[in-house]
Structure formats: structure tokens, C-alpha cells
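Reading through the C-alpha cells given below for one structure.
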Amino acid sequence: MLIHNFVWGWATEWTFFAVEILAAILYYYGWKQLPARSHLIIGWIYFVAAWLSLFVINGIITFMLTPGEWLATGNFWDGFFNPTFWSSLVLRTGICILLAGLFTLLVAGRQKSDEKKSGLVRFNAYWGLLGVVIAVPSFWWYFKAIPENIRAAAEEMMPFVTQRVDETCWFAAGIVVLLVVFGLVIPRKFNVAIDVVGPALGLVFFGEYEWLREAIRKPHVVYGYMYGNGVEVAHQEAYLEDGYLAHMAFKTNDPGADLYRRACRSCHTIDGYKALKP
């Protein structure tokens with residue numbers, strides 16, 4: 001279904017992605033071979049292609065949670081520029097800047113010269129702080145842009161997930177304290193231990209957002225259109241009336257196994273995660 005609706009969007013994204021990867025290869029292998037100006041130009045090509053790749057894939061990813069007017073119109077642009085598109089785009093851009101600042105500190109913090117180290121640590125700390133300033137407000141913008149009925153259902157069915165939203169502020173606060181104290185105030189004290197803590201906090205902050213986005217969509221894979229097991233919402237009444245087995249084109253001699261594979265396995269195991277056996 002996603003391919004039928006977004007095939008040209010995906011083709012566009014893959015084009016940007018191919019340029020991005022090629023630029024990354026040239027940037028890496030040209031580190032000592034290319035003139036400084038050419039090397040910087042390739043770096044900027046990488047940046048632009050990577051962000052445009054993010055722009056396109058963001059429309060498809062956010063569509064799965066908030067298809068918006070597409071449910072009524074089936075229009076490509078209604079699905080692409082859906083209710084959470086812009087907030088997610090700003091949030092993901094902020095997260096990219098945040099992670100860039102945190103991971104480049106891994107290099108800056110290992111410099112031998114105190115003077116060179118302090119300058120690089122401060123420079124990258126500012127990028128990390130800019131990422132936090134963008135990401136935190138846009139995270140709440142994104143959360144509030146999710147339709148009320150979806151948030152209400154998630155709070156009722158998966159309170160553990162929605163209660164984790166507040167934790168993102170604490171992770172962001174930890175990143176800010178680390179960057180201000182060791183990045184700006186005492187950059188010469190920036191060491192390997194702090195090098196590891198910063199990216200770890202950044203990845204957990206990012207992970208909270210991704211977990212929320214994926215989890216509150218359940219039991220749908222495209223909210224309001226298709227369930228996680230591939231059943232279209234429009235056909236559910238027929239399945240409820242006739243039974244799902246009656247609508248399976250290919251079956252074995254084990255109806256229970258057929259039902260499990262087609263209706264349950266996408267979310268459940270037999271006796272492990274979300275077990276059906278009990």
C-alpha cells in the first residue's frame with residue numbers, strides 16, 4: 001500500500017540517499033587527498049542530500065501514524081504533508097544537529113593540545129545545545145499535533161509508553177548540563193567518560209521519540225486504514241461476520257496455525273513476547 005501511494009516519493013528519497021552515500025565515501029577517502037575547498041564542498045553536498053532524504057522519508061513515516069485527509073481523498077500530497085509532517089521534520093532536524101554535536105565531541109575530547117581541545121569542544125558543544133533548543137520544543141509540538149483520539153487511545157491502552165514522554169525533558173536537561181559545564185565552562189576537563197555519556201543521553205532522547213511514534217500507532221500499521229497484521233479497516237466487518245479464515249485465499253490443514261500466522265504473529269508470540277498461550 002505504501003509503495004502504491006509513495007513510489008515516486010521513495011524513488012526521490014533513494015536518489016538523495018545515493019548522492020548522500022557517494023558524498024560520504026568521497027569525503028572519507030578524500031580526507032588527505034582533496035584540496036580543503038573541494039573537501040568542504042563535498043561535505044555540504046552530503047549535508048544537503050542527507051537533509052533532503054530526511055525531508056522525503058519524513059512524509060512517509062509520519063503518514064503511517066497521522067494519514068489525515070488522505071483517508072478521505074487518497075491524494076498523495078494529503079498523505080505526505082500530514083498533520084505531524086512539519087513538527088516531525090523540525091524535531092528530526094534538531095535531533096540530527098544534537099547528535100552531530102555530541103558525536104563530534106568524541107573526536108574533540110581526545111585532542112592532546114589543551115588549546116586546540118578547548119576550542120573544538122566549545123565549538124561542538126554549541127552545536128549540541130542548538131540541537132536541544134530545536135528538538136525539545138518541537139517534540140512537544142509533535143506530540144500535540146497527534147490527533148486527540150490517537151493520544152487518548154494510547155493513554156488508555158499503553159499508559160506505560162505515554163508516561164515516558166515526560167522523561168524526555170530529563171534526558172534533555174542532562175545533555176544541557178553536560179554541554180554547559182564540560183563543553184563551555186571547563187572544556188579542558190572533557191574526557192572519555194563524558195564522551196560516552198553525551199551520545200548515550202542523546203540516543204536515549206531520540207529513542208524515546210521513536211518508541212512513542214511506533215508504539216502509539218498500535219494496533220494499526222497505518223492508523224485508521226490498516227491493522228498491524230495487514231487487515232484493512234474497511235474489510236473488518238466482513239471478517240467479523242464470516243470469520244477471518246473464510247477470507248484466506250491460501251490455507252493449510254491447520255486453521256489455528258493459519259490464524260496465528262495471518263492474524264496474530266505481527267504483534268504476538270505463542271509463549272514469549274505478548275504471549276497468546278496463557
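Letters A, B, ... go to the chains of the C-alpha cells in the order shown; residues in each chain start at 1; ligands are counted from 1 in the same order.
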Which neighbours of Phe190 of chain A fall inside 9 Å, counting only C-alpha atoms, when residues of the same chain fewer than 5 positions from it are skipped, and could you give them as number ranges by chain? A: 105, 108-110, 117-118, 121, 182-183, 195
Can you pull out every residue within 7 Å of Ile146 of chain A, counting only C-alpha atoms, but drop anything in the same chain fewer than 3 positions away, and send it as a PDB file with C-alpha atoms, in the first residue's frame?
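Output file result_37.pdb follows:
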```
ATOM      1  CA  THR A  66      -1.370  10.501  11.026  1.00  0.00           C
ATOM      2  CA  THR A  84       2.588  15.687  12.010  1.00  0.00           C
ATOM      3  CA  TYR A 142       4.877  16.950  17.524  1.00  0.00           C
ATOM      4  CA  PHE A 143       3.127  15.262  20.465  1.00  0.00           C
ATOM      5  CA  ILE A 150      -4.973   8.686  18.997  1.00  0.00           C
ATOM      6  CA  ARG A 151      -3.343  10.108  22.135  1.00  0.00           C
TER       7      ARG A 151
END
```
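Using only C-alpha atoms, the smallest distance between any of A:Val165, A:Cys264, A:Leu212, A:Met248 and Tyr227 of chain A comes from A:Cys264.
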Would you mind listing what lies within 12 Å of segment 78-81 of chain A as an MDAnalysis selection string, with only C-alpha atoms counted and same-chain residues fewer than 2 positions away left out? chainID A and resid 2 5:10 55:76 83:89 222:223
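Here atom CA of Ile45 of chain A stands at a distance of 23.6 Å from atom CA of Ala125 of chain A.
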Please give the complete set of residues from segment 45-237 of chain A that DSSP, run on the backbone, assigns to alpha helix (DSSP H), formatted as an MDAnalysis selection string. chainID A and resid 45:65 70:73 76:80 85:108 114:145 148:157 159:162 167:178 192:215 236:237
Identify, on the basis of only C-alpha atoms, every residue whose closest approach to Thr15 of chain A does not exceed 9 Å; exclude the query and any residue fewer than 5 positions from it along the same chain; express the result as a ChimeraX atom specification. /A:10,20,49,53
Take atom CA of Ala11 of chain A and atom CA of Cys96 of chain A and report the distance between them in Å, one decimal.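 Computed distance, atom CA of Ala11 of chain A to atom CA of Cys96 of chain A, equals 22.7 Å.
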Kindly indicate which residue among A:Leu106, A:Leu178, A:Ile194, A:Ile134 lies nearest to Thr93 of chain A, using only C-alpha atoms for the distances. A:Ile134
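Across the structure, atom CA of Ala23 of chain A and atom CA of Tyr46 of chain A are spaced 5.2 Å apart.
Among the candidates A:Ile95, A:Val136, A:Trp211, A:Phe17, the residue lying nearest to Phe160 of chain A is A:Trp211 (atoms considered: only C-alpha atoms).
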Would you mind writing down, as an mmCIF file with N, CA and C atoms, in the first residue's frame, each residue of segment 41-253 of chain A that DSSP on the backbone assigns to strand (DSSP E)?
```
data_model
loop_
_atom_site.group_PDB
_atom_site.id
_atom_site.type_symbol
_atom_site.label_atom_id
_atom_site.label_comp_id
_atom_site.auth_asym_id
_atom_site.auth_seq_id
_atom_site.Cartn_x
_atom_site.Cartn_y
_atom_site.Cartn_z
ATOM 1 N N HIS A 220 -2.596 -0.374 14.724
ATOM 2 C CA HIS A 220 -2.535 -0.103 13.295
ATOM 3 C C HIS A 220 -1.098 -0.037 12.795
ATOM 4 N N VAL A 221 -0.917 -0.296 11.517
ATOM 5 C CA VAL A 221 0.350 -0.002 10.855
ATOM 6 C C VAL A 221 0.193 1.302 10.073
ATOM 7 N N VAL A 222 -0.990 1.556 9.531
ATOM 8 C CA VAL A 222 -1.380 2.868 9.015
ATOM 9 C C VAL A 222 -2.665 3.231 9.739
ATOM 10 N N MET A 226 -5.175 0.458 8.116
ATOM 11 C CA MET A 226 -4.728 -0.929 8.110
ATOM 12 C C MET A 226 -4.155 -1.313 9.467
ATOM 13 N N TYR A 227 -4.551 -2.489 9.941
ATOM 14 C CA TYR A 227 -4.024 -3.008 11.200
ATOM 15 C C TYR A 227 -2.620 -3.581 11.002
#
```
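Using only C-alpha atoms for every distance, the candidate list A:Thr252, A:Asn149, A:Ser266, A:Thr168 yields A:Thr168 as the residue closest to Gly207 of chain A.
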Residues at most 12 Å from Phe250 of chain A, counting only C-alpha atoms, excluding those fewer than 5 positions away in the same chain, as a ChimeraX atom specification? /A:244-245,255,258-259,261-262
I need the residues from that last selection saved to file as a short mmCIF file (atom, residue, chain, number, x, y, z; two decimals), in the first residue's frame (with N, CA, C and O atoms), if you can.
```cif
data_model
loop_
_atom_site.label_atom_id
_atom_site.label_comp_id
_atom_site.auth_asym_id
_atom_site.auth_seq_id
_atom_site.Cartn_x
_atom_site.Cartn_y
_atom_site.Cartn_z
N TYR A 244 -12.27 -14.80 9.85
CA TYR A 244 -11.11 -14.44 9.02
C TYR A 244 -10.70 -15.59 8.10
O TYR A 244 -10.27 -15.39 6.96
N LEU A 245 -10.84 -16.83 8.59
CA LEU A 245 -10.44 -17.98 7.79
C LEU A 245 -11.17 -18.05 6.46
O LEU A 245 -10.59 -18.44 5.44
N PRO A 255 -6.10 -24.83 10.88
CA PRO A 255 -6.73 -23.49 10.96
C PRO A 255 -6.13 -22.62 12.05
O PRO A 255 -5.99 -21.41 11.87
N ASP A 258 -2.94 -21.21 10.80
CA ASP A 258 -3.23 -20.21 9.77
C ASP A 258 -3.66 -18.89 10.39
O ASP A 258 -3.19 -17.81 9.99
N LEU A 259 -4.53 -18.98 11.38
CA LEU A 259 -5.00 -17.77 12.06
C LEU A 259 -3.85 -17.07 12.77
O LEU A 259 -3.72 -15.85 12.71
N ARG A 261 -0.59 -17.21 12.13
CA ARG A 261 0.37 -16.62 11.20
C ARG A 261 -0.18 -15.36 10.54
O ARG A 261 0.54 -14.37 10.36
N ARG A 262 -1.44 -15.37 10.18
CA ARG A 262 -2.01 -14.26 9.43
C ARG A 262 -2.57 -13.14 10.30
O ARG A 262 -2.55 -11.97 9.93
#
```
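If you measure from each of A:Thr269, A:Asn82, A:Gln111, A:Thr12 to Val192 of chain A using only C-alpha atoms, the closest one turns out to be A:Gln111.
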